[in-house]
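Text of the file run09.cif, holding mmCIF, N, CA and C atoms:
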data_final
#
loop_
_atom_site.label_atom_id
_atom_site.label_comp_id
_atom_site.auth_asym_id
_atom_site.auth_seq_id
_atom_site.Cartn_x
_atom_site.Cartn_y
_atom_site.Cartn_z
N MET A 180 26.81 9.01 16.70
CA MET A 180 26.43 7.60 16.68
C MET A 180 27.19 6.82 17.76
N LYS A 181 28.51 7.07 17.88
CA LYS A 181 29.31 6.37 18.89
C LYS A 181 28.83 6.71 20.30
N THR A 182 28.41 7.93 20.51
CA THR A 182 27.92 8.34 21.81
C THR A 182 26.64 7.59 22.17
N LYS A 183 25.75 7.41 21.21
CA LYS A 183 24.51 6.68 21.46
C LYS A 183 24.79 5.22 21.79
N ILE A 184 25.76 4.63 21.10
CA ILE A 184 26.13 3.24 21.38
C ILE A 184 26.71 3.12 22.78
N LYS A 185 27.58 4.07 23.17
CA LYS A 185 28.16 4.04 24.51
C LYS A 185 27.09 4.18 25.58
N ILE A 186 26.13 5.08 25.36
CA ILE A 186 25.04 5.26 26.32
C ILE A 186 24.22 3.99 26.43
N PHE A 187 23.93 3.37 25.27
CA PHE A 187 23.16 2.12 25.26
C PHE A 187 23.90 1.02 26.02
N LEU A 188 25.20 0.87 25.76
CA LEU A 188 25.97 -0.17 26.44
C LEU A 188 26.08 0.10 27.94
N LEU A 189 26.22 1.35 28.31
CA LEU A 189 26.28 1.70 29.73
C LEU A 189 24.95 1.37 30.42
N ALA A 190 23.85 1.72 29.79
CA ALA A 190 22.53 1.41 30.35
C ALA A 190 22.32 -0.10 30.45
N LEU A 191 22.72 -0.83 29.43
CA LEU A 191 22.57 -2.28 29.41
C LEU A 191 23.40 -2.92 30.52
N SER A 192 24.62 -2.45 30.72
CA SER A 192 25.45 -3.02 31.78
C SER A 192 24.86 -2.73 33.15
N GLY A 193 24.24 -1.56 33.33
CA GLY A 193 23.57 -1.24 34.59
C GLY A 193 22.40 -2.17 34.84
N ILE A 194 21.64 -2.47 33.81
CA ILE A 194 20.51 -3.39 33.94
C ILE A 194 21.01 -4.78 34.30
N LEU A 195 22.05 -5.24 33.65
CA LEU A 195 22.59 -6.57 33.93
C LEU A 195 23.14 -6.67 35.34
N LEU A 196 23.80 -5.62 35.82
CA LEU A 196 24.31 -5.63 37.18
C LEU A 196 23.17 -5.71 38.19
N ASN A 197 22.09 -4.98 37.93
CA ASN A 197 20.94 -5.03 38.83
C ASN A 197 20.31 -6.41 38.83
N CYS A 198 20.30 -7.10 37.70
CA CYS A 198 19.74 -8.45 37.64
C CYS A 198 20.56 -9.41 38.49
N LYS A 199 21.87 -9.27 38.48
CA LYS A 199 22.72 -10.15 39.28
C LYS A 199 22.51 -9.93 40.76
N GLU A 200 22.17 -8.68 41.16
CA GLU A 200 22.00 -8.36 42.56
C GLU A 200 20.61 -8.70 43.08
N ALA A 201 19.70 -9.07 42.21
CA ALA A 201 18.34 -9.39 42.64
C ALA A 201 18.37 -10.60 43.58
N LYS A 202 17.60 -10.51 44.63
CA LYS A 202 17.57 -11.59 45.62
C LYS A 202 16.68 -12.72 45.11
N PRO A 203 17.10 -13.96 45.36
CA PRO A 203 16.25 -15.08 44.94
C PRO A 203 14.99 -15.14 45.80
N VAL A 204 13.95 -15.69 45.23
CA VAL A 204 12.71 -15.85 45.97
C VAL A 204 12.93 -16.87 47.08
N ASN A 205 12.44 -16.55 48.26
CA ASN A 205 12.63 -17.44 49.40
C ASN A 205 11.81 -18.71 49.21
N PRO A 206 12.36 -19.88 49.51
CA PRO A 206 11.67 -21.14 49.25
C PRO A 206 10.45 -21.42 50.12
N ILE A 207 10.18 -20.60 51.11
CA ILE A 207 9.02 -20.84 51.98
C ILE A 207 7.76 -20.13 51.46
N TYR A 208 7.94 -19.11 50.62
CA TYR A 208 6.80 -18.37 50.09
C TYR A 208 5.93 -19.25 49.21
N ASN A 209 4.61 -19.09 49.36
CA ASN A 209 3.61 -19.82 48.57
C ASN A 209 3.83 -21.33 48.63
N THR A 210 3.99 -21.83 49.85
CA THR A 210 4.12 -23.27 50.07
C THR A 210 3.16 -23.68 51.18
N ALA A 211 2.93 -24.98 51.29
CA ALA A 211 2.10 -25.53 52.36
C ALA A 211 2.79 -26.76 52.92
N TRP A 212 2.66 -26.96 54.24
CA TRP A 212 3.39 -28.00 54.95
C TRP A 212 2.47 -28.69 55.96
N ALA A 213 2.40 -30.00 55.91
CA ALA A 213 1.54 -30.78 56.82
C ALA A 213 2.37 -31.34 57.96
N GLY A 214 1.80 -31.29 59.17
CA GLY A 214 2.47 -31.83 60.34
C GLY A 214 1.48 -32.02 61.47
N VAL A 215 2.00 -32.15 62.68
CA VAL A 215 1.18 -32.40 63.86
C VAL A 215 1.37 -31.25 64.86
N ALA A 216 0.25 -30.83 65.46
CA ALA A 216 0.29 -29.85 66.54
C ALA A 216 -0.66 -30.31 67.63
N ASN A 217 -0.35 -29.98 68.86
CA ASN A 217 -1.21 -30.33 70.00
C ASN A 217 -2.15 -29.15 70.27
N ILE A 218 -3.39 -29.25 69.77
CA ILE A 218 -4.34 -28.13 69.88
C ILE A 218 -5.69 -28.57 70.44
N PRO A 219 -5.88 -29.00 71.64
CA PRO A 219 -4.88 -29.31 72.67
C PRO A 219 -4.35 -30.73 72.56
N THR A 220 -5.02 -31.60 71.79
CA THR A 220 -4.49 -32.94 71.56
C THR A 220 -3.86 -32.98 70.17
N ALA A 221 -3.08 -34.00 69.90
CA ALA A 221 -2.37 -34.11 68.62
C ALA A 221 -3.36 -34.09 67.45
N GLN A 222 -3.15 -33.14 66.53
CA GLN A 222 -4.00 -32.98 65.35
C GLN A 222 -3.12 -32.77 64.12
N ASN A 223 -3.56 -33.28 62.98
CA ASN A 223 -2.87 -33.02 61.73
C ASN A 223 -3.26 -31.62 61.25
N ILE A 224 -2.26 -30.79 61.02
CA ILE A 224 -2.50 -29.43 60.56
C ILE A 224 -1.71 -29.18 59.28
N VAL A 225 -2.02 -28.08 58.62
CA VAL A 225 -1.24 -27.61 57.48
C VAL A 225 -0.88 -26.15 57.74
N LEU A 226 0.40 -25.82 57.58
CA LEU A 226 0.86 -24.44 57.62
C LEU A 226 0.92 -23.96 56.18
N LYS A 227 0.12 -22.95 55.85
CA LYS A 227 0.06 -22.44 54.49
C LYS A 227 0.66 -21.03 54.47
N PHE A 228 1.80 -20.87 53.78
CA PHE A 228 2.50 -19.60 53.67
C PHE A 228 2.07 -18.93 52.37
N SER A 229 1.35 -17.82 52.48
CA SER A 229 0.82 -17.15 51.31
C SER A 229 0.94 -15.64 51.51
N GLY A 230 1.55 -14.95 50.55
CA GLY A 230 1.79 -13.52 50.73
C GLY A 230 2.66 -13.33 51.96
N ASP A 231 2.16 -12.57 52.94
CA ASP A 231 2.90 -12.45 54.20
C ASP A 231 2.10 -13.06 55.35
N ASP A 232 1.19 -14.00 55.02
CA ASP A 232 0.37 -14.68 56.01
C ASP A 232 0.72 -16.15 56.14
N ILE A 233 0.56 -16.66 57.35
CA ILE A 233 0.57 -18.10 57.59
C ILE A 233 -0.83 -18.45 58.07
N ASP A 234 -1.49 -19.33 57.34
CA ASP A 234 -2.77 -19.86 57.78
C ASP A 234 -2.51 -21.23 58.38
N VAL A 235 -2.97 -21.44 59.62
CA VAL A 235 -2.89 -22.75 60.24
C VAL A 235 -4.23 -23.43 59.96
N MET A 236 -4.18 -24.49 59.15
CA MET A 236 -5.39 -25.15 58.67
C MET A 236 -5.60 -26.46 59.43
N LEU A 237 -6.83 -26.67 59.86
CA LEU A 237 -7.24 -27.92 60.49
C LEU A 237 -8.48 -28.38 59.74
N LYS A 238 -8.36 -29.51 59.04
CA LYS A 238 -9.47 -30.03 58.25
C LYS A 238 -10.04 -28.96 57.31
N ASP A 239 -9.16 -28.33 56.54
CA ASP A 239 -9.53 -27.31 55.54
C ASP A 239 -10.17 -26.05 56.12
N LYS A 240 -9.99 -25.81 57.41
CA LYS A 240 -10.53 -24.62 58.05
C LYS A 240 -9.38 -23.86 58.73
N ILE A 241 -9.35 -22.54 58.56
CA ILE A 241 -8.32 -21.73 59.22
C ILE A 241 -8.66 -21.63 60.70
N VAL A 242 -7.73 -22.10 61.56
CA VAL A 242 -7.93 -22.02 63.00
C VAL A 242 -7.02 -20.99 63.66
N GLU A 243 -6.03 -20.53 62.91
CA GLU A 243 -5.08 -19.54 63.43
C GLU A 243 -4.47 -18.84 62.23
N GLN A 244 -4.14 -17.56 62.41
CA GLN A 244 -3.50 -16.82 61.33
C GLN A 244 -2.39 -15.95 61.92
N MET A 245 -1.29 -15.88 61.18
CA MET A 245 -0.14 -15.09 61.61
C MET A 245 0.43 -14.35 60.41
N LYS A 246 1.06 -13.23 60.67
CA LYS A 246 1.87 -12.54 59.68
C LYS A 246 3.29 -13.10 59.81
N PHE A 247 4.03 -13.13 58.69
CA PHE A 247 5.41 -13.58 58.79
C PHE A 247 6.33 -12.76 57.91
N LYS A 248 7.58 -12.74 58.31
CA LYS A 248 8.68 -12.15 57.54
C LYS A 248 9.82 -13.14 57.61
N VAL A 249 10.61 -13.17 56.53
CA VAL A 249 11.75 -14.06 56.48
C VAL A 249 13.02 -13.22 56.34
N SER A 250 14.02 -13.59 57.10
CA SER A 250 15.33 -12.98 57.00
C SER A 250 16.35 -14.11 57.01
N ASN A 251 16.96 -14.36 55.85
CA ASN A 251 17.86 -15.50 55.68
C ASN A 251 17.14 -16.79 56.07
N ASP A 252 17.58 -17.45 57.15
CA ASP A 252 16.96 -18.71 57.57
C ASP A 252 16.08 -18.51 58.80
N THR A 253 15.66 -17.28 59.05
CA THR A 253 14.90 -16.96 60.25
C THR A 253 13.49 -16.51 59.88
N LEU A 254 12.53 -17.07 60.60
CA LEU A 254 11.12 -16.80 60.39
C LEU A 254 10.61 -15.98 61.57
N HIS A 255 10.09 -14.78 61.30
CA HIS A 255 9.51 -13.91 62.32
C HIS A 255 8.00 -13.97 62.15
N ILE A 256 7.29 -14.31 63.23
CA ILE A 256 5.83 -14.45 63.13
C ILE A 256 5.14 -13.56 64.16
N GLU A 257 3.89 -13.20 63.85
CA GLU A 257 3.05 -12.44 64.77
C GLU A 257 1.61 -12.88 64.59
N LYS A 258 0.98 -13.32 65.67
CA LYS A 258 -0.40 -13.80 65.59
C LYS A 258 -1.35 -12.65 65.28
N THR A 259 -2.28 -12.90 64.33
CA THR A 259 -3.28 -11.90 63.98
C THR A 259 -4.69 -12.34 64.36
N MET A 260 -4.94 -13.66 64.43
CA MET A 260 -6.26 -14.16 64.85
C MET A 260 -6.18 -15.65 65.14
N GLY A 261 -7.14 -16.14 65.89
CA GLY A 261 -7.21 -17.57 66.14
C GLY A 261 -7.61 -17.90 67.56
N GLY A 262 -7.87 -19.18 67.80
CA GLY A 262 -8.40 -19.62 69.07
C GLY A 262 -7.38 -20.19 70.04
N SER A 263 -6.10 -20.16 69.71
CA SER A 263 -5.09 -20.71 70.62
C SER A 263 -4.93 -19.80 71.82
N PRO A 264 -4.26 -20.30 72.87
CA PRO A 264 -4.03 -19.47 74.05
C PRO A 264 -3.08 -18.29 73.80
N CYS A 265 -2.40 -18.27 72.68
CA CYS A 265 -1.48 -17.17 72.39
C CYS A 265 -2.26 -15.89 72.12
N PRO A 266 -1.87 -14.79 72.77
CA PRO A 266 -2.59 -13.54 72.53
C PRO A 266 -2.32 -12.99 71.13
N VAL A 267 -3.31 -12.29 70.58
CA VAL A 267 -3.12 -11.60 69.31
C VAL A 267 -1.96 -10.62 69.48
N LYS A 268 -1.15 -10.51 68.45
CA LYS A 268 0.07 -9.67 68.40
C LYS A 268 1.27 -10.30 69.09
N SER A 269 1.12 -11.51 69.65
CA SER A 269 2.29 -12.16 70.25
C SER A 269 3.24 -12.56 69.13
N LYS A 270 4.52 -12.37 69.39
CA LYS A 270 5.56 -12.58 68.37
C LYS A 270 6.45 -13.76 68.72
N GLY A 271 6.99 -14.37 67.65
CA GLY A 271 7.93 -15.46 67.81
C GLY A 271 8.98 -15.43 66.72
N VAL A 272 10.11 -16.03 67.01
CA VAL A 272 11.21 -16.13 66.05
C VAL A 272 11.68 -17.57 66.01
N TYR A 273 11.78 -18.13 64.81
CA TYR A 273 12.20 -19.52 64.61
C TYR A 273 13.18 -19.58 63.46
N ARG A 274 14.14 -20.48 63.56
CA ARG A 274 14.99 -20.80 62.42
C ARG A 274 14.29 -21.90 61.65
N TYR A 275 14.33 -21.81 60.35
CA TYR A 275 13.70 -22.88 59.58
C TYR A 275 14.73 -23.52 58.67
N ILE A 276 14.53 -24.82 58.45
CA ILE A 276 15.40 -25.59 57.58
C ILE A 276 14.51 -26.37 56.63
N ILE A 277 14.78 -26.23 55.34
CA ILE A 277 14.07 -27.02 54.33
C ILE A 277 15.08 -27.98 53.73
N GLU A 278 14.80 -29.27 53.87
CA GLU A 278 15.63 -30.32 53.27
C GLU A 278 14.71 -31.22 52.48
N GLY A 279 14.82 -31.14 51.16
CA GLY A 279 13.93 -31.91 50.30
C GLY A 279 12.51 -31.45 50.50
N ASP A 280 11.63 -32.37 50.90
CA ASP A 280 10.23 -32.00 51.13
C ASP A 280 9.90 -31.90 52.61
N GLN A 281 10.93 -31.64 53.45
CA GLN A 281 10.74 -31.53 54.90
C GLN A 281 11.07 -30.11 55.38
N LEU A 282 10.21 -29.59 56.24
CA LEU A 282 10.43 -28.30 56.89
C LEU A 282 10.53 -28.55 58.39
N SER A 283 11.62 -28.07 58.98
CA SER A 283 11.72 -28.14 60.44
C SER A 283 11.90 -26.73 60.97
N LEU A 284 11.31 -26.48 62.13
CA LEU A 284 11.38 -25.18 62.79
C LEU A 284 12.09 -25.35 64.11
N LYS A 285 13.04 -24.48 64.37
CA LYS A 285 13.81 -24.51 65.62
C LYS A 285 13.54 -23.23 66.40
N TYR A 286 13.15 -23.39 67.64
CA TYR A 286 12.82 -22.28 68.52
C TYR A 286 14.02 -21.36 68.71
N VAL A 287 13.79 -20.04 68.56
CA VAL A 287 14.77 -19.02 68.92
C VAL A 287 14.21 -18.21 70.09
N SER A 288 13.01 -17.65 69.92
CA SER A 288 12.33 -16.94 71.00
C SER A 288 10.84 -16.87 70.66
N ASP A 289 10.00 -16.77 71.69
CA ASP A 289 8.57 -16.66 71.45
C ASP A 289 7.91 -16.12 72.70
N GLU A 290 6.98 -15.19 72.51
CA GLU A 290 6.24 -14.62 73.63
C GLU A 290 5.14 -15.57 74.13
N CYS A 291 4.88 -16.64 73.38
CA CYS A 291 3.83 -17.59 73.75
C CYS A 291 4.43 -18.99 73.89
N ASP A 292 4.44 -19.50 75.12
CA ASP A 292 5.05 -20.81 75.38
C ASP A 292 4.39 -21.95 74.62
N SER A 293 3.06 -21.95 74.53
CA SER A 293 2.39 -23.08 73.88
C SER A 293 2.70 -23.12 72.38
N ARG A 294 2.88 -21.98 71.75
CA ARG A 294 3.19 -21.96 70.32
C ARG A 294 4.57 -22.54 70.06
N GLN A 295 5.54 -22.22 70.91
CA GLN A 295 6.89 -22.72 70.66
C GLN A 295 6.92 -24.24 70.65
N TYR A 296 6.11 -24.87 71.48
CA TYR A 296 6.07 -26.33 71.48
C TYR A 296 5.39 -26.84 70.22
N ASN A 297 4.27 -26.25 69.84
CA ASN A 297 3.53 -26.72 68.67
C ASN A 297 4.26 -26.48 67.36
N MET A 298 5.03 -25.43 67.28
CA MET A 298 5.75 -25.13 66.03
C MET A 298 6.92 -26.08 65.83
N THR A 299 7.40 -26.70 66.91
CA THR A 299 8.62 -27.52 66.80
C THR A 299 8.37 -28.99 67.11
N VAL A 300 7.11 -29.39 67.32
CA VAL A 300 6.81 -30.76 67.75
C VAL A 300 7.10 -31.78 66.66
N SER A 301 6.98 -31.40 65.40
CA SER A 301 7.24 -32.37 64.33
C SER A 301 7.85 -31.68 63.13
N ASN A 302 8.45 -32.48 62.26
CA ASN A 302 8.85 -31.96 60.96
C ASN A 302 7.59 -31.89 60.11
N PHE A 303 7.55 -30.94 59.23
CA PHE A 303 6.41 -30.77 58.35
C PHE A 303 6.79 -31.27 56.95
N LYS A 304 5.85 -31.92 56.29
CA LYS A 304 6.08 -32.44 54.96
C LYS A 304 5.38 -31.54 53.95
N LYS A 305 6.08 -31.21 52.87
CA LYS A 305 5.52 -30.33 51.86
C LYS A 305 4.31 -30.99 51.20
N VAL A 306 3.23 -30.21 51.04
CA VAL A 306 2.02 -30.66 50.38
C VAL A 306 1.67 -29.65 49.29
N ALA A 307 0.72 -30.01 48.45
CA ALA A 307 0.31 -29.13 47.35
C ALA A 307 -0.23 -27.82 47.91
N PHE A 308 0.21 -26.73 47.31
CA PHE A 308 -0.25 -25.40 47.70
C PHE A 308 -1.47 -25.07 46.85
N GLU A 309 -2.56 -24.73 47.52
CA GLU A 309 -3.79 -24.37 46.80
C GLU A 309 -4.20 -22.97 47.19
N ASP A 310 -4.51 -22.16 46.19
CA ASP A 310 -4.99 -20.79 46.47
C ASP A 310 -6.39 -20.79 46.96
#

Structure translated into structure tokens:
Amino acid sequence: MKTKIKIFLLALSGILLNCKEAKPVNPIYNTAWAGVANIPTAQNIVLKFSGDDIDVMLKDKIVEQMKFKVSNDTLHIEKTMGGSPCPVKSKGVYRYIIEGDQLSLKYVSDECDSRQYNMTVSNFKKVAFED
């Protein structure tokens, strides 16, 4: 009986340790942010982060799509489709900061010059995320 209790307690402590080591969900996942981009003139857009995709929405229509990964405060993106001058598969790296309901992106590197300007031209305000 004592052996079974020890095994149970050992297993329980292992489970609890794993729970403490679990990484918190990143605050950018499943969110949407409204801001301005020059495409080619200033337009109100929404960046919608869903799964591992970013949909760039203009008037409820996807005009650009990218894959993204997050590492700490760094956003890695890669274009998968869209009408911007950036070639498909072009990659970029940005630092992101979320303060309250504001998202700002800071250029680190990007293979597409026009995207680096559009991603950092304004702060984005959090809006309702819709599936």

Apply the PyMOL selection byres ((chain A and resi 309) around 8) to the structure shown and report the selected residues as an MDAnalysis selection string.
chainID A and resid 209:211 227 306:308 310

Considering only N, CA and C atoms, return as a list of chain:residue names whatever protein or nucleic-acid residues lie within 7 Å of Lys285 of chain A, sequence-local ones (same chain, fewer than 6 positions apart) excluded.
A:Val272, A:Tyr273, A:Arg274, A:Tyr275, A:Ile276, A:Met298, A:Thr299

For the atom pair atom CA of Ala213 of chain A and atom CA of Phe303 of chain A, what is the interatomic distance in Å to one decimal place?
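Separation of atom CA of Ala213 of chain A and atom CA of Phe303 of chain A: 5.1 Å.
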
For the provided coordinates, the residues matched by the PyMOL selection byres ((chain A and resi 257-267) around 6) should be stated as JSON, numbers by chain.
{"A": [242, 243, 244, 245, 246, 247, 255, 256, 268, 269, 270, 271, 291]}

Out of A:Leu254, A:Val249, A:Ser283, A:Glu278, which residue has the shortest atom-to-atom distance to Asn205 of chain A when counting only N, CA and C atoms?
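Of all the options, A:Val249 lies closest to Asn205 of chain A.
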
Please compute the atom CA of Ile233 of chain A-atom CA of Ala216 of chain A distance, one decimal, in Å.
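Atom CA of Ala216 of chain A lies at a distance of 14.8 Å from atom CA of Ile233 of chain A.
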
Taking the chain letters and numbering used in this document, name the residues of segment 193-306 of chain A that DSSP puts in alpha helix (DSSP H), as number ranges by chain.
A: 193-200, 292-299

Within segment 199-307 of chain A, find each residue whose DSSP state, derived from the backbone, is strand (DSSP E), and express the selection as a PyMOL selection string.
chain A and resi 210-217+221-229+232-237+240-250+253-261+270-278+281-289+303-306

Lys305 of chain A: which residues within 7 Å, counting only N, CA and C atoms, same-chain residues fewer than 4 positions away excluded, as a PyMOL selection string?
chain A and resi 211-213+279-282

How about completing segment 256-275 of chain A with N, CA, C and O atoms and giving it to me as a PDB file, in the coordinates of the input?
ATOM      1  N   ILE A 256       7.290 -14.310  63.230  1.00  0.00           N
ATOM      2  CA  ILE A 256       5.830 -14.450  63.130  1.00  0.00           C
ATOM      3  C   ILE A 256       5.140 -13.560  64.160  1.00  0.00           C
ATOM      4  O   ILE A 256       5.719 -13.216  65.197  1.00  0.00           O
ATOM      5  N   GLU A 257       3.890 -13.200  63.850  1.00  0.00           N
ATOM      6  CA  GLU A 257       3.050 -12.440  64.770  1.00  0.00           C
ATOM      7  C   GLU A 257       1.610 -12.880  64.590  1.00  0.00           C
ATOM      8  O   GLU A 257       1.065 -12.813  63.475  1.00  0.00           O
ATOM      9  N   LYS A 258       0.980 -13.320  65.670  1.00  0.00           N
ATOM     10  CA  LYS A 258      -0.400 -13.800  65.590  1.00  0.00           C
ATOM     11  C   LYS A 258      -1.350 -12.650  65.280  1.00  0.00           C
ATOM     12  O   LYS A 258      -1.261 -11.569  65.867  1.00  0.00           O
ATOM     13  N   THR A 259      -2.280 -12.900  64.330  1.00  0.00           N
ATOM     14  CA  THR A 259      -3.280 -11.900  63.980  1.00  0.00           C
ATOM     15  C   THR A 259      -4.690 -12.340  64.360  1.00  0.00           C
ATOM     16  O   THR A 259      -5.561 -11.507  64.559  1.00  0.00           O
ATOM     17  N   MET A 260      -4.940 -13.660  64.430  1.00  0.00           N
ATOM     18  CA  MET A 260      -6.260 -14.160  64.850  1.00  0.00           C
ATOM     19  C   MET A 260      -6.180 -15.650  65.140  1.00  0.00           C
ATOM     20  O   MET A 260      -5.257 -16.314  64.693  1.00  0.00           O
ATOM     21  N   GLY A 261      -7.140 -16.140  65.890  1.00  0.00           N
ATOM     22  CA  GLY A 261      -7.210 -17.570  66.140  1.00  0.00           C
ATOM     23  C   GLY A 261      -7.610 -17.900  67.560  1.00  0.00           C
ATOM     24  O   GLY A 261      -7.673 -17.023  68.428  1.00  0.00           O
ATOM     25  N   GLY A 262      -7.870 -19.180  67.800  1.00  0.00           N
ATOM     26  CA  GLY A 262      -8.400 -19.620  69.070  1.00  0.00           C
ATOM     27  C   GLY A 262      -7.380 -20.190  70.040  1.00  0.00           C
ATOM     28  O   GLY A 262      -7.750 -20.674  71.105  1.00  0.00           O
ATOM     29  N   SER A 263      -6.100 -20.160  69.710  1.00  0.00           N
ATOM     30  CA  SER A 263      -5.090 -20.710  70.620  1.00  0.00           C
ATOM     31  C   SER A 263      -4.930 -19.800  71.820  1.00  0.00           C
ATOM     32  O   SER A 263      -5.355 -18.646  71.805  1.00  0.00           O
ATOM     33  N   PRO A 264      -4.260 -20.300  72.870  1.00  0.00           N
ATOM     34  CA  PRO A 264      -4.030 -19.470  74.050  1.00  0.00           C
ATOM     35  C   PRO A 264      -3.080 -18.290  73.800  1.00  0.00           C
ATOM     36  O   PRO A 264      -2.982 -17.395  74.635  1.00  0.00           O
ATOM     37  N   CYS A 265      -2.400 -18.270  72.680  1.00  0.00           N
ATOM     38  CA  CYS A 265      -1.480 -17.170  72.390  1.00  0.00           C
ATOM     39  C   CYS A 265      -2.260 -15.890  72.120  1.00  0.00           C
ATOM     40  O   CYS A 265      -3.202 -15.878  71.330  1.00  0.00           O
ATOM     41  N   PRO A 266      -1.870 -14.790  72.770  1.00  0.00           N
ATOM     42  CA  PRO A 266      -2.590 -13.540  72.530  1.00  0.00           C
ATOM     43  C   PRO A 266      -2.320 -12.990  71.130  1.00  0.00           C
ATOM     44  O   PRO A 266      -1.243 -13.201  70.560  1.00  0.00           O
ATOM     45  N   VAL A 267      -3.310 -12.290  70.580  1.00  0.00           N
ATOM     46  CA  VAL A 267      -3.120 -11.600  69.310  1.00  0.00           C
ATOM     47  C   VAL A 267      -1.960 -10.620  69.480  1.00  0.00           C
ATOM     48  O   VAL A 267      -1.799 -10.021  70.539  1.00  0.00           O
ATOM     49  N   LYS A 268      -1.150 -10.510  68.450  1.00  0.00           N
ATOM     50  CA  LYS A 268       0.070  -9.670  68.400  1.00  0.00           C
ATOM     51  C   LYS A 268       1.270 -10.300  69.090  1.00  0.00           C
ATOM     52  O   LYS A 268       2.332  -9.696  69.155  1.00  0.00           O
ATOM     53  N   SER A 269       1.120 -11.510  69.650  1.00  0.00           N
ATOM     54  CA  SER A 269       2.290 -12.160  70.250  1.00  0.00           C
ATOM     55  C   SER A 269       3.240 -12.560  69.130  1.00  0.00           C
ATOM     56  O   SER A 269       2.833 -13.000  68.065  1.00  0.00           O
ATOM     57  N   LYS A 270       4.520 -12.370  69.390  1.00  0.00           N
ATOM     58  CA  LYS A 270       5.560 -12.580  68.370  1.00  0.00           C
ATOM     59  C   LYS A 270       6.450 -13.760  68.720  1.00  0.00           C
ATOM     60  O   LYS A 270       6.645 -14.082  69.883  1.00  0.00           O
ATOM     61  N   GLY A 271       6.990 -14.370  67.650  1.00  0.00           N
ATOM     62  CA  GLY A 271       7.930 -15.460  67.810  1.00  0.00           C
ATOM     63  C   GLY A 271       8.980 -15.430  66.720  1.00  0.00           C
ATOM     64  O   GLY A 271       8.757 -14.867  65.642  1.00  0.00           O
ATOM     65  N   VAL A 272      10.110 -16.030  67.010  1.00  0.00           N
ATOM     66  CA  VAL A 272      11.210 -16.130  66.050  1.00  0.00           C
ATOM     67  C   VAL A 272      11.680 -17.570  66.010  1.00  0.00           C
ATOM     68  O   VAL A 272      11.936 -18.175  67.067  1.00  0.00           O
ATOM     69  N   TYR A 273      11.780 -18.130  64.810  1.00  0.00           N
ATOM     70  CA  TYR A 273      12.200 -19.520  64.610  1.00  0.00           C
ATOM     71  C   TYR A 273      13.180 -19.580  63.460  1.00  0.00           C
ATOM     72  O   TYR A 273      13.073 -18.835  62.489  1.00  0.00           O
ATOM     73  N   ARG A 274      14.140 -20.480  63.560  1.00  0.00           N
ATOM     74  CA  ARG A 274      14.990 -20.800  62.420  1.00  0.00           C
ATOM     75  C   ARG A 274      14.290 -21.900  61.650  1.00  0.00           C
ATOM     76  O   ARG A 274      13.694 -22.800  62.246  1.00  0.00           O
ATOM     77  N   TYR A 275      14.330 -21.810  60.350  1.00  0.00           N
ATOM     78  CA  TYR A 275      13.700 -22.880  59.580  1.00  0.00           C
ATOM     79  C   TYR A 275      14.730 -23.520  58.670  1.00  0.00           C
ATOM     80  O   TYR A 275      15.690 -22.891  58.215  1.00  0.00           O
TER      81      TYR A 275
END
